[in-house]
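Undergrad: So that we are looking at the same thing, I have put the structure below in structure tokens.
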Amino acid sequence: MYKVIWRYKVKAEFIKDFLKIYDANGEWVQLFSKSSDFIKTALFNDVNADQYFLTIDYWKSKEAYQNFYKQHHKEIKQIDVMGDQMTLLEEKLDEFMSK
């Protein structure tokens with residue numbers, strides 16, 4: 001299993017809107033669900049700083065993740081632009097493979 005971890009700092013006034021895009025039923029999951037290789041996205045909120053979030057996207061393989069991004073570039077860009085308006089920070093922290 002392949003995992004991609006992202007970290008965000010969300011503008012306080014956009015937290016509810018951010019959740020609509022990034023939670024387990026959000027727009028990212030709806031888009032990723034077009035692939036049978038997508039497993040799930042988990043969203044975490046920092047217990048000490050409510051503007052900070054982590055997401056972990058779970059895919060069957062790195063190749064599946066990369067292929068999906070190539071095939072759905074336009075849709076990904078549209079959602080990403082919405083998220084950019086809501087965040088002060090967006091960074092990919094790391095990628096992991098289960099053994």
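Following the order of the structure tokens, first chain is A, next is B, and so on, with residues numbered from 1 inside each chain and ligands from 1 in the order they appear.
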For Trp28 (chain A), work out the shell of residues within 12 Å, counting only C-alpha atoms and skipping chain neighbours fewer than 3 positions away, then give it as number ranges by chain.
TA: A: 18-25, 31-35, 38, 40-43, 55-57, 69, 72, 75-80, 82-83
Undergrad: Report the closest atom pair, with its distance in Å rounded to one decimal, for each residue of region 26-88 of chain A that has an atom no farther than 9 Å from region 9-12 of chain A; count only C-alpha atoms, sort by chain and then rising residue number, and write it as JSON lines.
TA:
{"residue": "A:Asp50", "atom": "CA", "partner": "A:Ala12", "partner_atom": "CA", "distance": 8.4}
{"residue": "A:Gln51", "atom": "CA", "partner": "A:Val10", "partner_atom": "CA", "distance": 5.0}
{"residue": "A:Tyr52", "atom": "CA", "partner": "A:Lys9", "partner_atom": "CA", "distance": 4.5}
{"residue": "A:Phe53", "atom": "CA", "partner": "A:Lys9", "partner_atom": "CA", "distance": 6.5}
{"residue": "A:Gly83", "atom": "CA", "partner": "A:Val10", "partner_atom": "CA", "distance": 9.0}
{"residue": "A:Gln85", "atom": "CA", "partner": "A:Lys11", "partner_atom": "CA", "distance": 8.8}
{"residue": "A:Met86", "atom": "CA", "partner": "A:Lys11", "partner_atom": "CA", "distance": 5.7}
{"residue": "A:Thr87", "atom": "CA", "partner": "A:Val10", "partner_atom": "CA", "distance": 4.2}
{"residue": "A:Leu88", "atom": "CA", "partner": "A:Lys9", "partner_atom": "CA", "distance": 5.4}
Undergrad: Could you save those same residues with N, CA, C and O atoms as an mmCIF file, in the first residue's frame?
TA:
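Now in result38.cif:
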data_model
loop_
_atom_site.group_PDB
_atom_site.id
_atom_site.type_symbol
_atom_site.label_atom_id
_atom_site.label_comp_id
_atom_site.auth_asym_id
_atom_site.auth_seq_id
_atom_site.Cartn_x
_atom_site.Cartn_y
_atom_site.Cartn_z
ATOM 1 N N ASP A 50 -6.009 24.337 15.817
ATOM 2 C CA ASP A 50 -7.135 23.916 14.984
ATOM 3 C C ASP A 50 -7.042 24.321 13.515
ATOM 4 O O ASP A 50 -7.820 23.855 12.699
ATOM 5 N N GLN A 51 -6.079 25.136 13.143
ATOM 6 C CA GLN A 51 -5.922 25.512 11.739
ATOM 7 C C GLN A 51 -5.022 24.539 10.973
ATOM 8 O O GLN A 51 -4.917 24.620 9.757
ATOM 9 N N TYR A 52 -4.388 23.593 11.679
ATOM 10 C CA TYR A 52 -3.478 22.645 11.042
ATOM 11 C C TYR A 52 -4.150 21.286 10.828
ATOM 12 O O TYR A 52 -4.789 20.766 11.735
ATOM 13 N N PHE A 53 -3.944 20.750 9.635
ATOM 14 C CA PHE A 53 -4.524 19.467 9.261
ATOM 15 C C PHE A 53 -3.476 18.613 8.550
ATOM 16 O O PHE A 53 -2.555 19.137 7.926
ATOM 17 N N GLY A 83 -8.563 24.815 -2.979
ATOM 18 C CA GLY A 83 -7.864 24.618 -1.716
ATOM 19 C C GLY A 83 -6.824 25.691 -1.463
ATOM 20 O O GLY A 83 -6.644 26.142 -0.324
ATOM 21 N N GLN A 85 -6.926 28.768 -2.149
ATOM 22 C CA GLN A 85 -7.568 29.988 -1.653
ATOM 23 C C GLN A 85 -7.879 29.907 -0.161
ATOM 24 O O GLN A 85 -8.054 30.934 0.484
ATOM 25 N N MET A 86 -7.933 28.708 0.379
ATOM 26 C CA MET A 86 -8.316 28.507 1.775
ATOM 27 C C MET A 86 -7.134 28.292 2.709
ATOM 28 O O MET A 86 -7.301 28.300 3.919
ATOM 29 N N THR A 87 -5.960 28.078 2.135
ATOM 30 C CA THR A 87 -4.824 27.674 2.959
ATOM 31 C C THR A 87 -3.703 28.707 2.962
ATOM 32 O O THR A 87 -3.515 29.450 2.003
ATOM 33 N N LEU A 88 -2.975 28.698 4.059
ATOM 34 C CA LEU A 88 -1.763 29.504 4.192
ATOM 35 C C LEU A 88 -0.526 28.647 3.929
ATOM 36 O O LEU A 88 0.545 29.170 3.660
#
Undergrad: DSSP on the backbone, strand (DSSP E or B) only: what residues of region 1-87 of chain A does that give? Format it as a list in words.
TA: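 So, restricting region 1-87 of chain A to strand (DSSP E or B), we get Tyr2, Lys3, Val4, Ile5, Trp6, Arg7, Tyr8, Lys9, Val10, Phe38, Ile39, Lys40, Thr41, Ala42, Leu43, Phe44, Asn45, Tyr52, Phe53, Leu54, Thr55, Ile56, Asp57, Tyr58, Trp59 and Thr87 of chain A.
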Undergrad: Next, dump the selected residues to file, keeping only C-alpha atoms, as an mmCIF file, in the first residue's frame.
TA:
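Contents of the output file selection_39.cif:
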data_model
loop_
_atom_site.group_PDB
_atom_site.id
_atom_site.type_symbol
_atom_site.label_atom_id
_atom_site.label_comp_id
_atom_site.auth_asym_id
_atom_site.auth_seq_id
_atom_site.Cartn_x
_atom_site.Cartn_y
_atom_site.Cartn_z
ATOM 1 C CA TYR A 2 1.224 3.483 -0.925
ATOM 2 C CA LYS A 3 0.541 6.501 1.313
ATOM 3 C CA VAL A 4 0.952 10.208 0.599
ATOM 4 C CA ILE A 5 0.951 12.606 3.561
ATOM 5 C CA TRP A 6 0.043 16.282 3.198
ATOM 6 C CA ARG A 7 0.059 19.073 5.781
ATOM 7 C CA TYR A 8 -2.084 22.208 5.646
ATOM 8 C CA LYS A 9 -2.558 25.406 7.579
ATOM 9 C CA VAL A 10 -6.066 26.641 6.843
ATOM 10 C CA PHE A 38 -7.683 4.390 -4.518
ATOM 11 C CA ILE A 39 -8.303 3.043 -1.021
ATOM 12 C CA LYS A 40 -9.165 6.022 1.210
ATOM 13 C CA THR A 41 -8.167 9.433 2.537
ATOM 14 C CA ALA A 42 -7.826 10.061 6.266
ATOM 15 C CA LEU A 43 -8.042 13.614 7.617
ATOM 16 C CA PHE A 44 -6.531 14.645 10.949
ATOM 17 C CA ASN A 45 -6.827 17.925 12.834
ATOM 18 C CA TYR A 52 -3.478 22.645 11.042
ATOM 19 C CA PHE A 53 -4.524 19.467 9.261
ATOM 20 C CA LEU A 54 -2.910 16.332 7.842
ATOM 21 C CA THR A 55 -4.279 14.122 5.126
ATOM 22 C CA ILE A 56 -3.077 10.655 4.281
ATOM 23 C CA ASP A 57 -4.100 9.325 0.885
ATOM 24 C CA TYR A 58 -3.988 5.535 0.579
ATOM 25 C CA TRP A 59 -3.429 3.934 -2.832
ATOM 26 C CA THR A 87 -4.824 27.674 2.959
#
Undergrad: May I have all residues of chain A that DSSP, computed from the backbone, assigns to alpha helix (DSSP H), given as a PyMOL selection string?
TA: chain A and resi 15-22+27-32+62-71+73-86
Undergrad: Atoms to include: C-alpha atoms. Write the selected residues as a CSV table (one decimal), in the first residue's frame.
TA:
chain,number,residue,atom,x,y,z
A,15,ILE,CA,-12.1,25.7,7.9
A,16,LYS,CA,-15.6,24.6,7.2
A,17,ASP,CA,-15.1,25.0,3.5
A,18,PHE,CA,-11.8,23.2,3.7
A,19,LEU,CA,-13.5,20.2,5.3
A,20,LYS,CA,-16.0,20.0,2.4
A,21,ILE,CA,-13.1,19.4,0.1
A,22,TYR,CA,-10.7,17.4,2.2
A,27,GLU,CA,-14.3,16.5,-3.4
A,28,TRP,CA,-10.8,14.9,-3.3
A,29,VAL,CA,-12.2,11.6,-2.2
A,30,GLN,CA,-15.0,11.8,-4.8
A,31,LEU,CA,-12.4,12.4,-7.5
A,32,PHE,CA,-10.0,9.8,-6.3
A,62,LYS,CA,2.8,4.4,-6.3
A,63,GLU,CA,2.3,3.7,-10.0
A,64,ALA,CA,-1.5,3.8,-9.6
A,65,TYR,CA,-1.2,7.2,-7.8
A,66,GLN,CA,1.0,8.6,-10.4
A,67,ASN,CA,-1.1,7.3,-13.3
A,68,PHE,CA,-4.2,8.8,-11.8
A,69,TYR,CA,-2.6,12.2,-11.4
A,70,LYS,CA,-1.5,12.1,-15.1
A,71,GLN,CA,-5.0,11.1,-16.3
A,73,HIS,CA,-4.6,16.5,-14.3
A,74,LYS,CA,-7.4,19.1,-15.2
A,75,GLU,CA,-9.8,18.0,-12.4
A,76,ILE,CA,-7.0,17.8,-9.9
A,77,LYS,CA,-5.9,21.4,-10.8
A,78,GLN,CA,-9.5,22.7,-10.3
A,79,ILE,CA,-9.8,21.3,-6.8
A,80,ASP,CA,-6.3,22.3,-5.9
A,81,VAL,CA,-7.0,26.0,-6.9
A,82,MET,CA,-10.0,26.0,-4.5
A,83,GLY,CA,-7.9,24.6,-1.7
A,84,ASP,CA,-5.1,27.2,-2.4
A,85,GLN,CA,-7.6,30.0,-1.7
A,86,MET,CA,-8.3,28.5,1.8
